[in-house]
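Here is run-v8.cif, consisting of mmCIF, C-alpha atoms:
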```
data_model
#
loop_
_atom_site.label_atom_id
_atom_site.label_comp_id
_atom_site.auth_asym_id
_atom_site.auth_seq_id
_atom_site.Cartn_x
_atom_site.Cartn_y
_atom_site.Cartn_z
CA MET A 158 -23.64 119.09 -34.45
CA LYS A 159 -25.03 118.72 -37.94
CA VAL A 160 -25.67 115.08 -38.91
CA VAL A 161 -24.85 114.41 -42.56
CA ARG A 162 -25.74 110.70 -42.68
CA GLU A 163 -26.72 107.90 -40.32
CA GLY A 164 -27.56 104.22 -40.04
CA GLU A 165 -27.05 101.13 -37.90
CA ALA A 166 -23.66 100.46 -36.29
CA ASN A 167 -21.60 97.77 -38.00
CA TRP A 168 -20.78 94.44 -36.35
CA PRO A 169 -17.34 95.42 -34.96
CA GLN A 170 -18.96 98.47 -33.35
CA GLN A 171 -21.90 96.40 -32.08
CA ASP A 172 -19.52 93.82 -30.63
CA TRP A 173 -17.67 96.43 -28.59
CA LEU A 174 -20.88 98.05 -27.39
CA LEU A 175 -22.45 94.70 -26.44
CA GLY A 176 -19.54 94.01 -24.13
CA ALA A 177 -19.03 97.57 -22.89
CA PRO A 178 -18.13 97.94 -19.20
CA PRO A 179 -21.28 97.93 -17.03
CA ASP A 180 -19.86 100.88 -15.10
CA ALA A 181 -19.97 103.94 -17.34
CA ASN A 182 -17.11 105.46 -15.35
CA ALA A 183 -14.85 102.59 -16.47
CA SER A 184 -14.95 103.76 -20.09
CA PRO A 185 -11.74 105.86 -19.81
CA ASP A 186 -9.85 102.71 -18.78
CA PHE A 187 -9.95 101.65 -22.43
CA ASN A 188 -8.98 104.98 -24.02
CA LEU A 189 -6.12 104.80 -26.51
CA VAL A 190 -3.31 107.29 -25.93
CA SER A 191 -0.37 108.32 -28.12
CA ALA A 192 2.12 111.20 -28.16
CA LEU A 193 3.59 112.40 -31.44
CA PRO A 194 6.79 114.54 -31.51
CA VAL A 195 6.43 117.66 -33.64
CA SER A 196 9.31 119.64 -35.16
CA ARG A 197 8.39 123.01 -33.67
CA LEU A 198 5.61 123.86 -36.12
CA PRO A 199 3.15 126.75 -35.91
CA PRO A 200 -0.07 125.66 -34.16
CA GLN A 201 -2.16 126.44 -37.23
CA ASP A 202 -0.20 123.83 -39.23
CA VAL A 203 -0.84 121.18 -36.60
CA LEU A 204 -4.53 122.07 -36.42
CA ALA A 205 -4.75 121.87 -40.22
CA ALA A 206 -3.28 118.34 -40.14
CA LEU A 207 -5.67 117.29 -37.40
CA ARG A 208 -8.60 118.78 -39.29
CA ALA A 209 -7.58 116.88 -42.46
CA CYS A 210 -7.67 113.59 -40.53
CA LEU A 211 -11.11 114.37 -39.14
CA VAL A 212 -12.33 115.10 -42.65
CA ARG A 213 -10.84 111.86 -43.98
CA HIS A 214 -12.02 109.49 -41.20
CA GLU A 215 -15.71 109.57 -40.33
CA SER A 216 -15.17 107.39 -37.26
CA LEU A 217 -13.49 110.37 -35.55
CA ARG A 218 -16.65 112.48 -35.92
CA SER A 219 -19.39 109.88 -35.54
CA LEU A 220 -21.81 109.55 -32.65
CA LEU A 221 -23.05 106.18 -31.36
CA HIS A 222 -26.47 105.67 -29.82
CA VAL A 223 -27.37 102.59 -27.81
CA ALA A 224 -30.92 101.63 -26.85
CA GLU A 225 -31.67 98.42 -24.98
CA GLY A 226 -33.17 95.74 -27.19
CA GLU A 227 -32.36 97.60 -30.42
CA PRO A 228 -29.31 97.67 -32.72
CA ALA A 229 -26.96 100.53 -31.97
CA ARG A 230 -27.02 103.40 -34.45
CA GLN A 231 -24.34 105.78 -35.69
CA GLN A 232 -24.58 109.34 -36.89
CA VAL A 233 -21.86 110.91 -39.01
CA THR A 234 -21.52 114.63 -38.29
CA ALA A 235 -20.26 117.31 -40.62
CA PRO A 236 -16.45 117.63 -40.96
CA PRO A 237 -14.66 120.61 -39.39
CA ARG A 238 -14.24 123.54 -41.76
CA SER A 239 -12.10 125.81 -39.59
CA ASP A 240 -9.86 125.71 -36.53
CA ARG A 241 -12.78 126.97 -34.43
CA ASP A 242 -14.63 123.73 -35.17
CA LEU A 243 -11.86 121.94 -33.22
CA ASP A 244 -12.25 123.98 -30.03
CA ALA A 245 -14.15 121.21 -28.25
CA VAL A 246 -11.51 118.54 -28.94
CA VAL A 247 -8.20 120.46 -28.73
CA GLU A 248 -6.43 121.70 -25.62
CA VAL A 249 -3.34 123.91 -25.84
CA THR A 250 -0.81 123.89 -23.00
CA THR A 251 2.84 124.54 -22.23
CA ALA A 252 5.58 121.96 -22.67
CA ALA A 253 6.07 121.86 -18.89
CA LEU A 254 2.43 121.03 -18.23
CA ALA A 255 1.86 118.80 -21.29
CA PRO A 256 2.49 115.42 -19.56
CA GLU A 257 0.00 116.25 -16.81
CA VAL A 258 -2.59 117.62 -19.26
CA LEU A 259 -2.28 114.57 -21.54
CA ALA A 260 -2.61 112.24 -18.53
CA GLN A 261 -5.75 114.08 -17.51
CA ALA A 262 -7.12 113.92 -21.06
CA SER A 263 -6.47 110.18 -21.12
CA ARG A 264 -9.00 109.84 -18.29
CA HIS A 265 -11.70 111.71 -20.20
CA TYR A 266 -15.08 110.00 -20.23
CA PHE A 267 -16.35 110.24 -23.80
CA ASP A 268 -20.09 110.62 -24.11
CA ILE A 269 -20.14 108.84 -27.47
CA SER A 270 -23.72 109.88 -28.18
CA ARG A 271 -22.93 113.60 -27.89
CA GLU A 272 -19.26 114.29 -28.65
CA TRP A 273 -16.52 113.29 -31.04
CA PRO A 274 -14.47 110.35 -29.72
CA ILE A 275 -11.12 112.14 -30.03
CA ARG A 276 -9.07 114.60 -27.95
CA ALA A 277 -5.82 116.37 -28.86
CA VAL A 278 -3.30 118.13 -26.63
CA LEU A 279 -0.90 120.64 -28.22
CA SER A 280 2.31 121.14 -26.27
CA MET A 281 3.70 124.65 -26.93
CA GLN A 282 7.23 125.99 -26.50
CA ASP A 283 8.16 129.51 -27.62
CA GLY A 284 4.99 129.78 -29.69
CA ARG A 285 5.62 126.51 -31.54
CA VAL A 286 4.19 122.99 -31.13
CA ASN A 287 6.73 120.38 -30.01
CA GLN A 288 4.31 117.52 -29.30
CA LEU A 289 0.82 116.43 -30.26
CA GLY A 290 -0.96 114.18 -27.76
CA LEU A 291 -3.89 112.04 -28.90
CA VAL A 292 -6.64 110.34 -26.90
CA ALA A 293 -9.36 108.25 -28.59
CA ASP A 294 -12.33 106.31 -27.30
CA HIS A 295 -12.02 102.56 -27.96
CA SER A 296 -15.53 102.41 -29.40
CA ALA A 297 -14.29 104.41 -32.39
CA VAL A 298 -10.62 103.46 -32.75
CA ASP A 299 -8.65 100.27 -32.15
CA ALA A 300 -4.90 99.71 -31.74
CA TRP A 301 -4.36 99.51 -35.51
CA GLY A 302 -6.49 102.62 -36.00
CA ILE A 303 -4.41 104.75 -33.63
CA LYS A 304 -1.33 103.61 -35.58
CA VAL A 305 -2.96 104.73 -38.85
CA LEU A 306 -3.94 108.09 -37.35
CA ARG A 307 -0.45 108.67 -36.01
CA GLU A 308 1.22 107.78 -39.32
CA GLU A 309 -1.10 110.06 -41.30
CA LEU A 310 -0.43 112.95 -38.97
CA GLU A 311 3.33 112.37 -39.24
CA LEU A 312 3.09 112.54 -43.02
CA LEU A 313 0.96 115.68 -42.98
CA LEU A 314 3.27 117.42 -40.51
CA THR A 315 6.45 116.57 -42.43
CA GLY A 316 5.19 117.27 -45.94
CA GLY A 317 4.95 113.60 -46.90
CA VAL A 318 2.51 112.14 -49.39
CA ARG A 319 -0.39 110.20 -47.95
CA ALA A 320 -1.44 106.95 -49.62
CA ALA A 321 -4.03 107.54 -52.33
CA VAL A 322 -6.43 105.01 -50.82
CA ASP A 323 -9.86 105.97 -49.51
CA PRO A 324 -10.31 104.50 -46.02
CA LEU A 325 -13.22 102.21 -45.28
CA GLN A 326 -15.80 104.22 -43.36
CA PRO A 327 -17.79 102.59 -40.51
CA LEU A 328 -21.19 103.42 -42.00
CA ASP A 329 -20.13 102.10 -45.42
CA LEU A 330 -19.14 98.84 -43.74
CA SER A 331 -22.52 98.70 -42.01
CA ASN A 332 -24.33 99.29 -45.30
CA TRP A 333 -22.30 96.54 -47.00
CA GLU A 334 -23.18 94.07 -44.22
CA ARG A 335 -26.83 94.49 -45.19
CA THR A 336 -26.36 93.93 -48.93
CA ASP A 337 -26.83 90.51 -50.54
CA ALA A 338 -23.05 90.19 -50.84
CA GLY A 339 -22.60 91.11 -47.19
CA GLN A 340 -25.25 88.66 -46.02
CA THR A 341 -23.64 85.90 -48.10
CA HIS A 342 -20.28 86.68 -46.54
CA LEU A 343 -21.70 86.57 -43.00
CA ARG A 344 -23.26 83.14 -43.65
CA ARG A 345 -19.97 81.79 -44.99
CA ALA A 346 -18.07 83.32 -42.08
CA LEU A 347 -20.41 81.56 -39.64
CA ARG A 348 -19.72 78.25 -41.40
CA PHE A 349 -15.98 78.86 -41.00
CA TRP A 350 -16.50 79.47 -37.30
CA GLY A 351 -18.53 76.25 -37.09
CA THR A 352 -15.70 74.25 -38.66
CA GLN A 353 -13.06 75.73 -36.36
CA LEU A 354 -15.20 75.32 -33.24
CA GLY A 355 -15.97 71.75 -34.24
CA GLU A 356 -12.25 70.96 -34.18
CA LEU A 357 -11.88 72.62 -30.80
CA SER A 358 -14.84 70.81 -29.28
CA ALA A 359 -13.08 67.50 -29.84
CA VAL A 360 -10.03 68.53 -27.79
CA GLN A 361 -11.38 71.07 -25.30
CA ALA A 362 -10.65 69.73 -21.82
CA SER A 363 -13.70 71.23 -20.16
CA PRO A 364 -16.11 74.16 -20.59
CA PRO A 365 -14.87 77.41 -19.04
CA GLY A 366 -17.80 77.37 -16.60
CA GLU A 367 -20.02 80.10 -15.31
CA PRO A 368 -18.95 83.69 -15.97
CA ALA A 369 -17.35 85.41 -13.00
CA VAL A 370 -19.55 87.71 -10.95
CA GLY A 371 -18.64 91.37 -11.20
CA GLU A 372 -15.88 93.02 -13.17
CA PRO A 373 -12.93 90.60 -13.60
CA ARG A 374 -9.43 91.62 -12.61
CA PHE A 375 -6.58 91.20 -15.08
CA ARG A 376 -2.84 91.24 -14.46
CA ARG A 377 0.11 91.58 -16.83
CA CYS A 378 3.73 90.62 -17.28
CA SER A 379 5.65 92.03 -20.23
CA ILE A 380 9.06 92.50 -21.78
CA ALA A 381 10.88 94.70 -24.31
CA SER A 382 13.56 93.02 -26.39
CA GLU A 383 15.75 93.72 -29.40
CA SER A 384 17.08 90.15 -29.62
CA LEU A 385 13.54 88.76 -29.72
CA LEU A 386 12.80 91.01 -32.68
CA ASP A 387 15.95 89.77 -34.44
CA SER A 388 14.92 86.14 -33.90
CA ALA A 389 11.38 86.81 -35.12
CA GLU A 390 12.65 88.50 -38.29
CA ALA A 391 14.97 85.54 -38.96
CA ALA A 392 12.05 83.15 -38.41
CA SER A 393 9.85 85.16 -40.79
CA ARG A 394 12.50 84.97 -43.53
CA GLY A 395 13.37 81.33 -42.91
CA CYS A 396 9.81 80.02 -42.84
CA ARG A 397 8.51 82.49 -45.43
CA VAL A 398 5.63 83.60 -43.23
CA SER A 399 4.57 86.91 -41.73
CA MET A 400 5.83 88.25 -38.41
CA PRO A 401 2.41 87.79 -36.77
CA THR A 402 2.49 84.13 -37.82
CA VAL A 403 5.87 83.67 -36.12
CA PHE A 404 4.56 84.97 -32.80
CA LEU A 405 1.24 83.13 -33.20
CA ALA A 406 3.11 79.86 -33.82
CA ALA A 407 5.34 80.48 -30.81
CA PHE A 408 2.31 81.30 -28.64
CA GLY A 409 0.49 78.17 -29.82
CA ALA A 410 3.51 76.00 -29.14
CA ALA A 411 4.00 77.59 -25.72
CA LEU A 412 0.35 77.06 -24.79
CA CYS A 413 0.50 73.41 -25.83
CA GLU A 414 3.63 72.98 -23.73
CA VAL A 415 2.49 74.86 -20.64
CA LEU A 416 -1.06 73.44 -20.67
CA ASP A 417 0.19 70.01 -21.79
CA ARG A 418 -2.28 69.76 -24.66
CA PRO A 419 -1.81 68.51 -28.24
CA VAL A 420 -4.11 71.20 -29.68
CA VAL A 421 -5.19 74.66 -28.54
CA GLY A 422 -7.56 77.23 -29.93
CA ILE A 423 -6.62 80.90 -30.14
CA GLN A 424 -8.76 83.87 -31.04
CA VAL A 425 -6.66 86.08 -33.29
CA GLU A 426 -7.27 89.84 -33.36
CA CYS A 427 -4.75 90.90 -36.03
CA LEU A 428 -6.80 89.52 -38.93
CA ASN A 429 -9.44 92.18 -39.24
CA ARG A 430 -8.28 94.32 -42.16
CA PRO A 431 -8.14 92.17 -45.30
CA THR A 432 -8.47 95.02 -47.84
CA ARG A 433 -6.38 98.10 -48.61
CA SER A 434 -9.24 100.43 -47.71
CA ALA A 435 -9.57 98.67 -44.34
CA LEU A 436 -5.81 98.89 -43.73
CA HIS A 437 -6.00 102.67 -44.14
CA ALA A 438 -9.01 103.08 -41.86
CA VAL A 439 -8.90 104.50 -38.36
CA GLY A 440 -12.29 103.07 -37.38
CA LYS A 441 -12.74 100.07 -35.11
CA MET A 442 -12.78 96.72 -36.94
CA ASN A 443 -11.82 94.45 -34.11
CA LEU A 444 -13.50 91.09 -34.73
CA ARG A 445 -11.57 87.95 -33.88
CA ALA A 446 -11.13 84.74 -35.81
CA PRO A 447 -10.50 81.28 -34.31
CA VAL A 448 -7.24 79.54 -35.21
CA VAL A 449 -6.43 75.94 -34.24
CA ALA A 450 -2.77 75.40 -33.28
CA ARG A 451 -1.46 71.80 -33.24
CA ARG A 452 1.62 71.01 -31.20
CA ASP A 453 3.13 68.49 -33.65
CA GLU A 454 2.70 70.78 -36.67
CA LEU A 455 4.42 73.72 -34.98
CA ARG A 456 7.70 71.81 -34.79
CA SER A 457 8.44 72.24 -38.52
CA SER A 458 8.53 75.06 -41.05
CA LEU A 459 5.93 73.17 -43.10
CA GLY A 460 3.56 73.15 -40.13
CA ILE A 461 4.17 76.84 -39.47
CA ARG A 462 3.34 77.60 -43.09
CA ALA A 463 0.14 75.56 -42.65
CA LEU A 464 -0.71 77.82 -39.73
CA TYR A 465 -0.06 80.81 -42.00
CA ALA A 466 -2.52 79.36 -44.54
CA GLN A 467 -5.07 78.94 -41.76
CA GLN A 468 -4.50 82.55 -40.75
CA THR A 469 -5.18 83.63 -44.31
CA ALA A 470 -8.51 81.82 -44.31
CA ALA A 471 -9.33 83.20 -40.88
CA GLN A 472 -8.55 86.70 -42.10
CA ARG A 473 -11.11 86.31 -44.86
CA TRP A 474 -13.83 85.09 -42.51
CA ALA A 475 -13.09 87.04 -39.32
CA HIS A 476 -15.88 89.46 -40.10
CA ALA A 477 -18.92 87.66 -38.70
CA ASN A 478 -22.09 88.49 -36.81
CA PRO A 479 -20.94 88.28 -33.14
CA VAL A 480 -24.45 87.50 -31.91
CA ASP A 481 -24.69 84.45 -34.19
CA VAL A 482 -21.13 83.44 -33.27
CA ARG A 483 -21.97 83.62 -29.59
CA LYS A 484 -24.92 81.27 -30.08
CA LEU A 485 -22.71 78.92 -32.08
CA CYS A 486 -20.10 78.88 -29.31
CA VAL A 487 -22.72 77.93 -26.76
CA ASP A 488 -24.12 75.18 -29.00
CA VAL A 489 -20.83 73.65 -30.19
CA LEU A 490 -18.58 74.11 -27.18
CA GLN A 491 -21.35 73.74 -24.59
CA THR A 492 -19.91 76.76 -22.84
CA LYS A 493 -21.62 79.30 -20.65
CA CYS A 494 -20.75 82.94 -21.26
CA SER A 495 -21.95 86.36 -20.32
CA PRO A 496 -24.74 87.91 -22.44
CA SER A 497 -22.36 90.28 -24.17
CA GLY A 498 -20.46 90.40 -27.42
CA LEU A 499 -17.94 88.15 -29.08
CA MET A 500 -15.27 90.17 -27.27
CA ASP A 501 -16.10 88.36 -24.01
CA ILE A 502 -16.63 84.81 -25.32
CA ASP A 503 -14.04 82.48 -23.85
CA VAL A 504 -13.84 80.29 -26.97
CA ALA A 505 -10.56 78.62 -26.13
CA GLY A 506 -9.29 80.69 -23.26
CA SER A 507 -6.62 82.53 -25.28
CA VAL A 508 -6.34 85.60 -27.50
CA PHE A 509 -3.45 86.84 -29.67
CA ASN A 510 -2.83 90.28 -31.14
CA TYR A 511 0.05 91.86 -33.07
CA VAL A 512 0.44 95.49 -34.13
CA ASP A 513 3.35 96.37 -36.40
CA GLY A 514 5.02 99.77 -36.69
CA SER A 515 3.07 101.22 -33.79
CA ALA A 516 4.38 103.86 -31.48
CA SER A 517 4.97 102.29 -28.10
CA ARG A 518 2.29 103.01 -25.55
CA PRO A 519 3.27 105.44 -22.78
CA GLU A 520 2.64 102.86 -20.06
CA LEU A 521 5.18 100.51 -21.66
CA GLU A 522 8.06 102.99 -21.74
CA PRO A 523 9.54 101.72 -18.43
CA LEU A 524 10.27 98.42 -20.18
CA VAL A 525 12.88 100.09 -22.41
CA ALA A 526 15.21 100.73 -19.48
CA ASP A 527 15.03 97.06 -18.41
CA ARG A 528 15.27 95.31 -21.74
CA ASP A 529 14.94 91.51 -21.75
CA LYS A 530 13.64 91.62 -18.18
CA ILE A 531 10.07 90.55 -17.42
CA VAL A 532 8.17 93.29 -15.59
CA ASP A 533 4.98 92.66 -13.58
CA TRP A 534 1.98 95.00 -13.55
CA SER A 535 -0.47 94.82 -10.66
CA ARG A 536 -3.53 95.45 -12.81
CA VAL A 537 -4.48 96.16 -16.40
CA HIS A 538 -7.82 97.06 -17.92
CA ARG A 539 -8.86 94.23 -20.15
CA ARG A 540 -11.89 92.35 -21.34
CA GLY A 541 -12.44 88.91 -22.76
CA ALA A 542 -10.59 85.62 -22.59
CA ARG A 543 -8.65 84.18 -19.66
CA ARG A 544 -5.24 84.86 -21.18
CA ARG A 545 -4.00 87.15 -23.92
CA PHE A 546 -0.61 87.34 -25.61
CA TRP A 547 0.09 90.62 -27.37
CA VAL A 548 3.00 92.00 -29.40
CA LEU A 549 3.81 95.60 -30.36
CA ARG A 550 6.71 96.23 -32.74
CA ALA A 551 8.14 99.74 -32.56
CA ALA A 552 11.47 101.59 -32.80
CA GLY A 553 13.66 98.51 -33.21
CA LEU A 554 12.09 96.67 -30.28
CA VAL A 555 9.43 94.10 -29.64
CA TYR A 556 7.13 94.73 -26.70
CA ALA A 557 5.42 91.48 -25.72
CA GLY A 558 3.25 90.53 -22.81
CA VAL A 559 0.77 88.16 -21.25
CA ASP A 560 -2.44 89.48 -19.68
CA TRP A 561 -4.35 87.01 -17.55
CA LYS A 562 -7.55 86.89 -15.56
CA ASP A 563 -7.29 86.30 -11.83
CA GLY A 564 -7.84 82.64 -11.07
CA SER A 565 -6.81 81.42 -14.54
CA MET A 566 -3.09 81.30 -13.68
CA ASN A 567 -0.59 82.83 -11.27
CA ALA A 568 2.37 85.16 -11.90
CA ALA A 569 4.89 82.30 -12.06
CA GLU A 570 2.79 80.49 -14.69
CA ALA A 571 2.40 83.70 -16.70
CA HIS A 572 6.16 84.28 -16.58
CA ARG A 573 6.74 80.74 -17.78
CA LEU A 574 4.30 81.21 -20.65
CA LEU A 575 6.03 84.42 -21.77
CA GLU A 576 9.47 82.80 -21.44
CA CYS A 577 8.25 79.79 -23.39
CA VAL A 578 6.99 82.03 -26.21
CA ALA A 579 10.42 83.69 -26.39
CA GLU A 580 12.14 80.29 -26.45
CA HIS A 581 9.97 79.13 -29.36
CA VAL A 582 10.55 82.35 -31.33
CA THR A 583 14.30 81.81 -30.87
CA ARG A 584 13.97 78.15 -31.90
CA ILE A 585 12.00 79.00 -35.04
CA GLY A 586 14.45 81.79 -35.87
CA ALA A 587 17.38 79.36 -35.65
CA GLY A 588 15.56 76.94 -38.00
CA PRO A 589 12.56 74.89 -36.82
CA ASP A 590 13.55 71.87 -38.95
CA ARG A 591 16.89 71.37 -37.19
#
```
Target format structure tokens, applied to this file:
Amino acid sequence: MKVVREGEANWPQQDWLLGAPPDANASPDFNLVSALPVSRLPPQDVLAALRACLVRHESLRSLLHVAEGEPARQQVTAPPRSDRDLDAVVEVTTAALAPEVLAQASRHYFDISREWPIRAVLSMQDGRVNQLGLVADHSAVDAWGIKVLREELELLLTGGVRAAVDPLQPLDLSNWERTDAGQTHLRRALRFWGTQLGELSAVQASPPGEPAVGEPRFRRCSIASESLLDSAEAASRGCRVSMPTVFLAAFGAALCEVLDRPVVGIQVECLNRPTRSALHAVGKMNLRAPVVARRDELRSSLGIRALYAQQTAAQRWAHANPVDVRKLCVDVLQTKCSPSGLMDIDVAGSVFNYVDGSASRPELEPLVADRDKIVDWSRVHRRGARRRFWVLRAAGLVYAGVDWKDGSMNAAEAHRLLECVAEHVTRIGAGPDR
């Protein structure tokens, strides 16, 4: 592959690589998978759309190189100029075999130093494409990024007009981090973290303790609900805050209730794209920001709007040096954590993420048949904090779930936490000041 430019990996990339699974064979566990219906188009049209996305987003054709004791580096390779340049990343199959082929592709181990972090599966019926399957390595694409990629492909395949916004490229972000403006931002972001962690240190019950030995096991309970979406939309209108704020407020209130604490800290993942160019980027930008949720404040619309203001500040300062943040966590919270990235720092034991307008993940499809019923999963592949509340909004439904680390809670407690979140969303939707 011809390298057209290169440089150090940016901090979101470094953070993921610092906390990468110790077992290289575990990498496929974190692959992102999506399937896009196609209106029986000729394969050359689908390949042209895919090629356009690879031209537009450098993260889909970048290589990452990791050497112990040195910053990771990235190399941007030349964009594809013809369909033949896609041979290594595209597999064509029949409609009957497509589910099996996509499932197999989802288990692909990406050698991120040698190959593009993307795979595509074209499902063919009578010489036409009826589905485009996508698989991406998590080092290059996050949950928001796969949503962006899917939406761009939908527009290209239906003749729509793509937004005239140049996406933020990973190497450009890395170069900015090393400018005077970038360095000033990182210093201010670290001060924001210090302020937030200082508030948490005053209420944290006890340090999380020594990191667990070996790869931790995570479990999940989740639900799909139309009524929960209706309540959240009503809460968003009534409190004049965003949908993520509604679910963050409900999660904070539920944590305070279940853990019996007046204040909890939550690392928020859905704050990482503060600019238009970042919003239109496929590349990984997953750095978290700490938010402090106070039980008393979450009982009123005024308090929920204060949380929204805190989110806004956190969004501005989420982009920080994860190595410096890790040191700060150890110093301020007196916590012990594994020598990895910010991804695995148990700052307050809880993480929140929200993705809007995303296609539902294939593994969540069984939830649709049992709406409003909590479903248990024996194991999920996860990294990081002890508990994580996540929300996906897609196709008139909300998919919500709690992932938890073995030993941090049991299934009954996780069910109660998820039920409590739903109760608080309903309460806020009905009017939190009543």
8 Å contact set for range 202-214 of chain A, only C-alpha atoms, chain neighbours under 4 positions out, as an NGL selection string
:A and (198 or 218 or 236-240 or 243 or 286 or 306 or 309-310 or 313-314 or 324 or 326 or 438-440)
Using all atoms listed in the file: which of A:Cys396, A:Gly351, A:Arg545, A:Asp563 has the shortest distance to Val487 in chain A
A:Gly351
Residues matched by the PyMOL selection byres ((chain A and resi 323) around 8) as a ChimeraX atom specification
/A:321-322,324-325,434,437
Selected by the PyMOL selection byres ((chain A and resi 256) around 12) in the shown coordinates: which residues, as a PyMOL selection string?
chain A and resi 190-192+250-255+257-263+278-281+288-291+519
Enter the distance from CA of Asp244 in chain A to CA of Ile269 in chain A, in Å, rounded to one decimal.
17.3 Å
Rank nothing, just name the residue among A:Leu385, A:Leu175, A:Leu189, A:Val305 nearest to Thr583 in chain A, using all atoms listed in the file.
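Of the candidates, the smallest distance to Thr583 in chain A is held by A:Leu385.
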Determine, counting only C-alpha atoms, which protein, DNA and RNA residues have an atom within 6 Å of an atom of Ala557 in chain A; residues of the same chain fewer than 6 positions away are not included. Present the result as a tab-separated table (two decimals) with C-alpha atoms, in the frame of the given file.
```tsv
chain	number	residue	atom	x	y	z
A	379	SER	CA	5.65	92.03	-20.23
A	380	ILE	CA	9.06	92.50	-21.78
A	547	TRP	CA	0.09	90.62	-27.37
A	548	VAL	CA	3.00	92.00	-29.40
```
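Once Phe349 in chain A and its same-chain neighbours fewer than 4 positions away are set aside, A:Arg345, A:Gln353, A:Trp474 remain within 7 Å of it when counting all atoms listed in the file.
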Rebuild range 229-234 of chain A so that it carries all heavy atoms, then output the result as a PDB file, keeping the file's coordinate frame.
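Saved file rebuild-v6.pdb follows:
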```
ATOM      1  N   ALA A 229     -27.557  99.207 -32.127  1.00  0.00           N
ATOM      2  CA  ALA A 229     -26.960 100.530 -31.970  1.00  0.00           C
ATOM      3  C   ALA A 229     -26.959 101.269 -33.308  1.00  0.00           C
ATOM      4  O   ALA A 229     -26.903 100.647 -34.372  1.00  0.00           O
ATOM      5  CB  ALA A 229     -25.548 100.409 -31.428  1.00  0.00           C
ATOM      6  N   ARG A 230     -27.020 102.597 -33.231  1.00  0.00           N
ATOM      7  CA  ARG A 230     -27.020 103.400 -34.450  1.00  0.00           C
ATOM      8  C   ARG A 230     -25.846 104.381 -34.419  1.00  0.00           C
ATOM      9  O   ARG A 230     -25.356 104.751 -33.347  1.00  0.00           O
ATOM     10  CB  ARG A 230     -28.336 104.175 -34.583  1.00  0.00           C
ATOM     11  CG  ARG A 230     -29.536 103.265 -34.797  1.00  0.00           C
ATOM     12  CD  ARG A 230     -30.775 104.070 -35.146  1.00  0.00           C
ATOM     13  NE  ARG A 230     -30.649 104.811 -36.399  1.00  0.00           N
ATOM     14  CZ  ARG A 230     -30.794 104.272 -37.609  1.00  0.00           C
ATOM     15  NH1 ARG A 230     -31.069 102.987 -37.734  1.00  0.00           N
ATOM     16  NH2 ARG A 230     -30.684 105.022 -38.692  1.00  0.00           N
ATOM     17  N   GLN A 231     -25.420 104.795 -35.597  1.00  0.00           N
ATOM     18  CA  GLN A 231     -24.340 105.780 -35.690  1.00  0.00           C
ATOM     19  C   GLN A 231     -24.795 106.951 -36.545  1.00  0.00           C
ATOM     20  O   GLN A 231     -25.554 106.801 -37.499  1.00  0.00           O
ATOM     21  CB  GLN A 231     -23.079 105.149 -36.285  1.00  0.00           C
ATOM     22  CG  GLN A 231     -23.239 104.535 -37.667  1.00  0.00           C
ATOM     23  CD  GLN A 231     -21.963 103.878 -38.144  1.00  0.00           C
ATOM     24  OE1 GLN A 231     -20.878 104.460 -38.076  1.00  0.00           O
ATOM     25  NE2 GLN A 231     -22.079 102.642 -38.630  1.00  0.00           N
ATOM     26  N   GLN A 232     -24.305 108.116 -36.153  1.00  0.00           N
ATOM     27  CA  GLN A 232     -24.580 109.340 -36.890  1.00  0.00           C
ATOM     28  C   GLN A 232     -23.245 109.987 -37.261  1.00  0.00           C
ATOM     29  O   GLN A 232     -22.413 110.248 -36.388  1.00  0.00           O
ATOM     30  CB  GLN A 232     -25.397 110.320 -36.050  1.00  0.00           C
ATOM     31  CG  GLN A 232     -26.809 109.849 -35.731  1.00  0.00           C
ATOM     32  CD  GLN A 232     -27.552 110.863 -34.881  1.00  0.00           C
ATOM     33  OE1 GLN A 232     -26.983 111.431 -33.944  1.00  0.00           O
ATOM     34  NE2 GLN A 232     -28.820 111.106 -35.199  1.00  0.00           N
ATOM     35  N   VAL A 233     -23.067 110.236 -38.531  1.00  0.00           N
ATOM     36  CA  VAL A 233     -21.860 110.910 -39.010  1.00  0.00           C
ATOM     37  C   VAL A 233     -22.133 112.405 -39.046  1.00  0.00           C
ATOM     38  O   VAL A 233     -23.075 112.855 -39.701  1.00  0.00           O
ATOM     39  CB  VAL A 233     -21.447 110.404 -40.407  1.00  0.00           C
ATOM     40  CG1 VAL A 233     -20.166 111.098 -40.861  1.00  0.00           C
ATOM     41  CG2 VAL A 233     -21.270 108.893 -40.403  1.00  0.00           C
ATOM     42  N   THR A 234     -21.314 113.180 -38.330  1.00  0.00           N
ATOM     43  CA  THR A 234     -21.520 114.630 -38.290  1.00  0.00           C
ATOM     44  C   THR A 234     -20.656 115.313 -39.351  1.00  0.00           C
ATOM     45  O   THR A 234     -19.730 114.716 -39.914  1.00  0.00           O
ATOM     46  CB  THR A 234     -21.172 115.187 -36.904  1.00  0.00           C
ATOM     47  OG1 THR A 234     -19.780 114.983 -36.636  1.00  0.00           O
ATOM     48  CG2 THR A 234     -21.994 114.487 -35.827  1.00  0.00           C
TER      49      THR A 234
END
```
